[in-house]
Structure formats: structure tokens, C-alpha cells
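Written out below as C-alpha cells is the structure these notes cover.
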Amino acid sequence: MVDLSIVVPVHNERDNVAPLLIEIEAALKDAALDYEAVFVDDASGDDTLQVLRALKRDHPRLRVVRHVRQAGQSTAVRTGVKTARGAWIATLDGDGQNDPADILTLLRARHAAAPNVRLFAGWRTQRRDDAIKRLSSKIANAVRSAALGDATPDTGCGLKLFERAVFLDLPYFSHMHRFLPALIRRAGFEVQSVPVGHRPRVRGTSKYGVWNRLWVGLVDIVGVAWLRRRSRITEVVEE
Ligand SMILES: Nc1nc2c(ncn2[C@@H]2O[C@H](COP(=O)(O)OP(=O)(O)O)[C@@H](O)[C@H]2O)c(=O)[nH]1
Ligand SMILES: [Mg+2]
């Protein structure tokens with residue numbers, strides 16, 4: 001067991017994984033926290049996997065798992081969560097746009113929060129993406145939160161802190177990573193958004209454009225709305 005598992009989904013991020021791992025280690029150096037970093041390579045076509053394998057030699061906290069076939073970001077996150085040994089999970093994008101130091105921001109929020117809060121969602125208050133991505137995200141967030149009432153201004157942020165057991169109990173579907181607040185509330189728990197930093201992508205290229213997020217996103221809103229209607233929650237008492 002470890003105190004915290006950091007899960008990082010990566011696809012074609014050969015130049016980002018080493019700097020990110022080093023930043024994670026620097027951020028948590030003084031935190032008196034036993035942690036592991038689980039990088040999930042989603043069948044990258046570049047040499048991301050070779051870079052990760054080489055890093056393992058000098059970085060004992062690093063664990064690497066890989067998908068034999070590309071299965072997408074949500075599935076990679078889930079693979080990492082299943083692999084993880086910690087009761088709590090922090091996720092980060094593999095491209096360096098999230099600042100690993102904000103893991104501590106989320107841990108501080110958890111420290112101050114009520115016990116029923118099981119998801120701390122990063123909220124990129126100053127997004128460092130191009131105007132098209134910022135605008136499409138703004139619209140998507142508005143539509144989604146109006147349809148699902150998930151009370152979360154930024155569900156797409158890769159930086160999140162949640163309880164492993166609660167996550168693994170959620171219904172699984174590809175692209176579910178943008179719906180974690182709605183799904184966790186559906187399970188009867190609370191979600192708290194926490195302002196975090198954001199940085200421009202300096203290496204590699206983005207995997208998402210407007211269209212490959214928009215259409216699946218609209219279909220998924222309908223699916224998650226249906227899941228919410230079919231939810232029944234009760235406390236269970238053993239006699
Ligand atoms: N495992 C996996 N990760 C992905 C995939 N697409 C994107 N990612 C990761 O998800 C994160 C965010 O993707 P990115 O391309 O930066 O999206 P953007 O920030 O919206 O431009 C990065 O860590 C990517 O490596 C995928 O198909 N599989
Ligand atoms: Mg990115």
C-alpha cells in the first residue's frame with residue numbers, strides 16, 4: 001500500500017514523460033508521503049514506452065503499464081487506477097499542461113473538506129490553450145452542466161484527486177473521464193472544484209480537436225443523463 005497513486009495516461013508523449021516525472025518527484029519530495037507514479041502508455045506509435053522503460057532504472061517509484069492496442073484516455077486512466085496500490089488517486093495529463101505541484105493543492109483541499117467529498121476536480125481558471133479550444137470547452141462545459149447539473153465548471157481538467165474504490169464502482173465507458181463529477185454525484189458523494197494552474201503545451205501535439213470532443217460529448221451527455229435517472233442510492237445497514 002502507498003498513501004497516493006499518481007496516474008498519468010500517455011499517448012505519443014515521448015518528450016514529455018521524463019520532465020513530468022522529474023517534476024512530480026520534485027513536487028512531492030518534502031511532502032512526507034509514500035507515493036507511486038503509474039504511467040499508462042496507450043499503445044503509443046512513438047518511443048514513449050522505451051523512454052518510460054529507461055526511466056524505471058533510476059526512478060523506483062515509477063510503474064509502467066501499457067495497452068497492447070490503443071483504447072483512449074478514459075480506459076488508460078481506468079487501467080492505471082486498477083493497477084494502483086493507493087486508496088487515493090491523483091491523475092495528471094501526460095503533456096505537462098498540469099503542474100504536478102497542484103497535487104498538493106488538491107491534497108490540502110481534501111484535508112479541509114467534509115468526508116463525503118470523494119472527488120477534488122482541478123479547475124483551470126486561467127487556461128493556456130488556443131482561443132478555439134477555450135471557446136469550445138466553455139460551450140461544452142455550459143451545455144453539460146446545464147444538462148447534468150454536475151455543478152463543476154471544468155470537468156475536462158486532467159488534474160483530479162479521488163478515492164480509488166469509488167472510481168472503480170462507477171459505470172465504465174470510453175470518454176467517461178469528462179463525466180466523473182456527474183458520475184460521482186450519482187453515486188451519492190460530493191465533488192469539490194479546486195482552482196489550479198495551467199500551462200501551455202511546449203512539447204508534442206494535442207490529441208483532441210473541436211470535433212472529436214464535441215460529437216462524442218453530446219452523445220455522452222444523453223447517456224449520462226439516462227444513467228442518472230436509473231440510479232437508486234440508499235445507505236446499507238447490517239443487522
Ligand atoms: N491513453 C491515452 N491518452 C491520451 C489519448 N489522447 C490523449 N491522451 C492524453 O490525454 C492528455 C490530454 O491530451 P491532450 O492531447 O493534451 O489534449 P488537450 O490538452 O485537450 O489538447 C495527455 O496526457 C495525452 O497524452 C489517448 O488516446 N490515449
Ligand atoms: Mg493537453
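Each chain in the C-alpha cells gets a letter, A, B, ..., in the order shown, and its residues are numbered from 1; ligands are numbered from 1 in order too.
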Excluding same-chain residues fewer than 5 positions from Pro19 (chain A), what lies within 10 Å of it counting only C-alpha atoms, as a count of residues only? 3
Just want the residues within 7 Å of ligand 2, written as a PyMOL selection string, counting only C-alpha atoms and all ligand atoms. chain A and resi 93+95+97+201+206
Can you check which parts of chain A lie within 8 Å of ligand 1? Per residue, the shortest pair of atoms and distance in Å to one decimal, counting only C-alpha atoms and all ligand atoms, sorted by chain and number, as CSV.
residue,atom,partner,partner_atom_place_in_ligand_line,distance
A:Val8,CA,ligand 1,23 (O),6.7
A:Pro9,CA,ligand 1,1 (N),4.4
A:Val10,CA,ligand 1,25 (O),3.8
A:His11,CA,ligand 1,25 (O),4.4
A:Asn12,CA,ligand 1,25 (O),6.4
A:Glu13,CA,ligand 1,25 (O),5.8
A:Val40,CA,ligand 1,1 (N),6.5
A:Asp41,CA,ligand 1,1 (N),6.0
A:Asp42,CA,ligand 1,1 (N),4.2
A:Ala43,CA,ligand 1,1 (N),7.8
A:Gln70,CA,ligand 1,27 (O),6.4
A:Ala71,CA,ligand 1,28 (N),6.2
A:Gly72,CA,ligand 1,27 (O),3.5
A:Gln73,CA,ligand 1,2 (C),3.6
A:Ser74,CA,ligand 1,1 (N),7.1
A:Thr75,CA,ligand 1,1 (N),7.0
A:Ala76,CA,ligand 1,1 (N),4.6
A:Val77,CA,ligand 1,1 (N),7.1
A:Leu92,CA,ligand 1,23 (O),7.1
A:Asp93,CA,ligand 1,23 (O),3.6
A:Gly94,CA,ligand 1,23 (O),3.2
A:Asp95,CA,ligand 1,23 (O),4.8
A:Gly96,CA,ligand 1,23 (O),7.6
A:Gln97,CA,ligand 1,19 (O),7.0
A:Asp129,CA,ligand 1,21 (O),7.6
A:Lys133,CA,ligand 1,20 (O),7.5
A:Gly156,CA,ligand 1,20 (O),7.8
A:Gly158,CA,ligand 1,11 (C),6.8
A:Arg201,CA,ligand 1,16 (O),7.3
A:Thr205,CA,ligand 1,15 (O),6.3
A:Ser206,CA,ligand 1,15 (O),3.4
A:Lys207,CA,ligand 1,15 (O),3.5
A:Tyr208,CA,ligand 1,17 (O),5.1
A:Gly209,CA,ligand 1,21 (O),7.2
Contact check, region 160-200 of chain A to region 112-116 of chain A, at most 9 Å, counting only C-alpha atoms, closest pairs as a Markdown table:
| residue | atom | partner | partner_atom | distance |
| --- | --- | --- | --- | --- |
| A:Gly188 | CA | A:Asn116 | CA | 8.5 |
| A:Phe189 | CA | A:Asn116 | CA | 5.6 |
| A:Glu190 | CA | A:Asn116 | CA | 5.7 |
| A:Val191 | CA | A:Asn116 | CA | 8.5 |
| A:Gln192 | CA | A:Ala113 | CA | 8.5 |
Mind writing the picked residues with C-alpha atoms as a compact mmCIF listing (two decimals), in the first residue's frame?
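After the write, again.txt holds the following:
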# COMPACT_ATOMS: atom_id res chain seq x y z
CA GLY A 188 -24.09 9.70 -3.63
CA PHE A 189 -20.83 11.53 -2.98
CA GLU A 190 -19.81 15.18 -3.17
CA VAL A 191 -17.45 16.85 -5.60
CA GLN A 192 -15.36 19.95 -4.97
Using the chain letters and numbers from this document, which residues of region 10-188 of chain A does DSSP assign to strand (DSSP E), as an MDAnalysis selection string? chainID A and resid 10 35:42 62:67 88:91 117:124 160:163
Now that the selection is made, can you save its residues with N, CA and C atoms as a PDB file, in the first residue's frame?
ATOM      1  N   VAL A  10      -0.783   8.339 -21.108  1.00  0.00           N
ATOM      2  CA  VAL A  10       0.022   8.969 -22.165  1.00  0.00           C
ATOM      3  C   VAL A  10      -0.162   8.266 -23.501  1.00  0.00           C
ATOM      4  N   TYR A  35       4.362   7.506  -2.186  1.00  0.00           N
ATOM      5  CA  TYR A  35       3.553   7.524  -3.407  1.00  0.00           C
ATOM      6  C   TYR A  35       4.197   6.673  -4.499  1.00  0.00           C
ATOM      7  N   GLU A  36       3.395   6.359  -5.496  1.00  0.00           N
ATOM      8  CA  GLU A  36       3.890   5.720  -6.714  1.00  0.00           C
ATOM      9  C   GLU A  36       3.368   6.523  -7.896  1.00  0.00           C
ATOM     10  N   ALA A  37       4.074   6.457  -9.009  1.00  0.00           N
ATOM     11  CA  ALA A  37       3.616   7.117 -10.241  1.00  0.00           C
ATOM     12  C   ALA A  37       3.368   6.024 -11.282  1.00  0.00           C
ATOM     13  N   VAL A  38       2.113   5.871 -11.670  1.00  0.00           N
ATOM     14  CA  VAL A  38       1.743   4.834 -12.632  1.00  0.00           C
ATOM     15  C   VAL A  38       1.511   5.499 -13.986  1.00  0.00           C
ATOM     16  N   PHE A  39       2.421   5.296 -14.919  1.00  0.00           N
ATOM     17  CA  PHE A  39       2.253   5.834 -16.267  1.00  0.00           C
ATOM     18  C   PHE A  39       1.637   4.741 -17.145  1.00  0.00           C
ATOM     19  N   VAL A  40       0.572   5.113 -17.850  1.00  0.00           N
ATOM     20  CA  VAL A  40      -0.120   4.141 -18.696  1.00  0.00           C
ATOM     21  C   VAL A  40       0.101   4.538 -20.147  1.00  0.00           C
ATOM     22  N   ASP A  41       0.878   3.730 -20.861  1.00  0.00           N
ATOM     23  CA  ASP A  41       1.130   4.015 -22.272  1.00  0.00           C
ATOM     24  C   ASP A  41       0.042   3.360 -23.115  1.00  0.00           C
ATOM     25  N   ASP A  42      -0.681   4.205 -23.838  1.00  0.00           N
ATOM     26  CA  ASP A  42      -1.818   3.733 -24.616  1.00  0.00           C
ATOM     27  C   ASP A  42      -1.367   3.415 -26.041  1.00  0.00           C
ATOM     28  N   LEU A  62       8.399   4.804 -10.120  1.00  0.00           N
ATOM     29  CA  LEU A  62       7.702   4.747 -11.417  1.00  0.00           C
ATOM     30  C   LEU A  62       7.254   3.321 -11.729  1.00  0.00           C
ATOM     31  N   ARG A  63       5.982   3.191 -12.085  1.00  0.00           N
ATOM     32  CA  ARG A  63       5.478   1.921 -12.627  1.00  0.00           C
ATOM     33  C   ARG A  63       4.920   2.206 -14.022  1.00  0.00           C
ATOM     34  N   VAL A  64       5.126   1.278 -14.925  1.00  0.00           N
ATOM     35  CA  VAL A  64       4.689   1.481 -16.302  1.00  0.00           C
ATOM     36  C   VAL A  64       3.813   0.309 -16.726  1.00  0.00           C
ATOM     37  N   VAL A  65       2.619   0.617 -17.181  1.00  0.00           N
ATOM     38  CA  VAL A  65       1.788  -0.415 -17.799  1.00  0.00           C
ATOM     39  C   VAL A  65       1.437   0.079 -19.192  1.00  0.00           C
ATOM     40  N   ARG A  66       1.145  -0.856 -20.071  1.00  0.00           N
ATOM     41  CA  ARG A  66       0.843  -0.419 -21.442  1.00  0.00           C
ATOM     42  C   ARG A  66      -0.355  -1.175 -21.993  1.00  0.00           C
ATOM     43  N   HIS A  67      -1.083  -0.484 -22.849  1.00  0.00           N
ATOM     44  CA  HIS A  67      -2.146  -1.117 -23.621  1.00  0.00           C
ATOM     45  C   HIS A  67      -1.529  -1.698 -24.884  1.00  0.00           C
ATOM     46  N   TRP A  88      -6.133   6.384  -2.568  1.00  0.00           N
ATOM     47  CA  TRP A  88      -6.479   7.630  -3.264  1.00  0.00           C
ATOM     48  C   TRP A  88      -5.595   7.784  -4.488  1.00  0.00           C
ATOM     49  N   ILE A  89      -6.198   8.384  -5.531  1.00  0.00           N
ATOM     50  CA  ILE A  89      -5.548   8.515  -6.833  1.00  0.00           C
ATOM     51  C   ILE A  89      -5.503   9.989  -7.215  1.00  0.00           C
ATOM     52  N   ALA A  90      -4.354  10.426  -7.704  1.00  0.00           N
ATOM     53  CA  ALA A  90      -4.297  11.735  -8.371  1.00  0.00           C
ATOM     54  C   ALA A  90      -4.009  11.476  -9.842  1.00  0.00           C
ATOM     55  N   THR A  91      -4.760  12.115 -10.731  1.00  0.00           N
ATOM     56  CA  THR A  91      -4.464  11.985 -12.161  1.00  0.00           C
ATOM     57  C   THR A  91      -3.895  13.299 -12.695  1.00  0.00           C
ATOM     58  N   VAL A 117     -16.887  14.251   0.515  1.00  0.00           N
ATOM     59  CA  VAL A 117     -16.290  14.701  -0.751  1.00  0.00           C
ATOM     60  C   VAL A 117     -15.249  13.668  -1.172  1.00  0.00           C
ATOM     61  N   ARG A 118     -15.498  13.015  -2.295  1.00  0.00           N
ATOM     62  CA  ARG A 118     -14.580  11.951  -2.733  1.00  0.00           C
ATOM     63  C   ARG A 118     -13.920  12.266  -4.069  1.00  0.00           C
ATOM     64  N   LEU A 119     -14.259  13.440  -4.635  1.00  0.00           N
ATOM     65  CA  LEU A 119     -13.568  13.879  -5.856  1.00  0.00           C
ATOM     66  C   LEU A 119     -13.225  15.351  -5.720  1.00  0.00           C
ATOM     67  N   PHE A 120     -11.962  15.663  -5.919  1.00  0.00           N
ATOM     68  CA  PHE A 120     -11.478  17.035  -5.969  1.00  0.00           C
ATOM     69  C   PHE A 120     -11.041  17.267  -7.406  1.00  0.00           C
ATOM     70  N   ALA A 121     -11.764  18.144  -8.088  1.00  0.00           N
ATOM     71  CA  ALA A 121     -11.559  18.323  -9.523  1.00  0.00           C
ATOM     72  C   ALA A 121     -10.801  19.613  -9.774  1.00  0.00           C
ATOM     73  N   GLY A 122      -9.676  19.519 -10.458  1.00  0.00           N
ATOM     74  CA  GLY A 122      -8.926  20.718 -10.829  1.00  0.00           C
ATOM     75  C   GLY A 122      -9.773  21.616 -11.711  1.00  0.00           C
ATOM     76  N   TRP A 123      -9.649  22.905 -11.488  1.00  0.00           N
ATOM     77  CA  TRP A 123     -10.413  23.913 -12.233  1.00  0.00           C
ATOM     78  C   TRP A 123      -9.410  24.907 -12.803  1.00  0.00           C
ATOM     79  N   ARG A 124      -9.235  24.832 -14.140  1.00  0.00           N
ATOM     80  CA  ARG A 124      -8.235  25.684 -14.801  1.00  0.00           C
ATOM     81  C   ARG A 124      -8.810  27.081 -14.969  1.00  0.00           C
ATOM     82  N   LYS A 160      -6.996  15.595 -11.127  1.00  0.00           N
ATOM     83  CA  LYS A 160      -8.093  15.250 -10.223  1.00  0.00           C
ATOM     84  C   LYS A 160      -7.553  14.394  -9.092  1.00  0.00           C
ATOM     85  N   LEU A 161      -8.262  14.425  -7.987  1.00  0.00           N
ATOM     86  CA  LEU A 161      -7.913  13.580  -6.838  1.00  0.00           C
ATOM     87  C   LEU A 161      -9.197  12.878  -6.408  1.00  0.00           C
ATOM     88  N   PHE A 162      -9.166  11.549  -6.351  1.00  0.00           N
ATOM     89  CA  PHE A 162     -10.392  10.825  -5.983  1.00  0.00           C
ATOM     90  C   PHE A 162     -10.056   9.521  -5.279  1.00  0.00           C
ATOM     91  N   GLU A 163     -11.103   8.952  -4.680  1.00  0.00           N
ATOM     92  CA  GLU A 163     -10.918   7.700  -3.969  1.00  0.00           C
ATOM     93  C   GLU A 163     -11.010   6.530  -4.953  1.00  0.00           C
TER      94      GLU A 163
END
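Around Met1 (chain A), within 7 Å and counting only C-alpha atoms, the residues found are Asp3, Arg85 and Gly86 of chain A, once anything fewer than 2 positions away on its own chain is removed.
Considering only C-alpha atoms, the residue among A:Arg144, A:Lys29, A:Lys82, A:Lys56 positioned nearest to Val222 (chain A) is A:Arg144.
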Using DSSP on the backbone, list every residue of region 67-116 of chain A that comes out as helix (DSSP H, G or I), and give them as a PyMOL selection string. chain A and resi 73-83+102-112
Nearest residue to Thr79 (chain A) from the set A:Val17, A:Cys157, A:Leu148, A:Leu168 (distances using only C-alpha atoms):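 The shortest atom-to-atom distance to Thr79 (chain A) comes from A:Leu168.
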My list of candidates is A:Ile221, A:Trp211, A:Gly204, A:His111. Which is closest to Asp150 (chain A) when distances are computed with only C-alpha atoms?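 The answer is A:Ile221, which sits nearest to Asp150 (chain A).
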Could you tell me which of A:Leu107, A:Ala147, A:Phe167, A:Ile132 comes closest to Val224 (chain A) if we count only C-alpha atoms?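 Using only C-alpha atoms, the shortest distance to Val224 (chain A) belongs to A:Ala147.
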Measuring atom to atom with only C-alpha atoms, identify which of A:Asn141, A:Asn212, A:Thr83, A:Thr152 is nearest to Arg185 (chain A).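 The shortest atom-to-atom distance to Arg185 (chain A) comes from A:Thr152.
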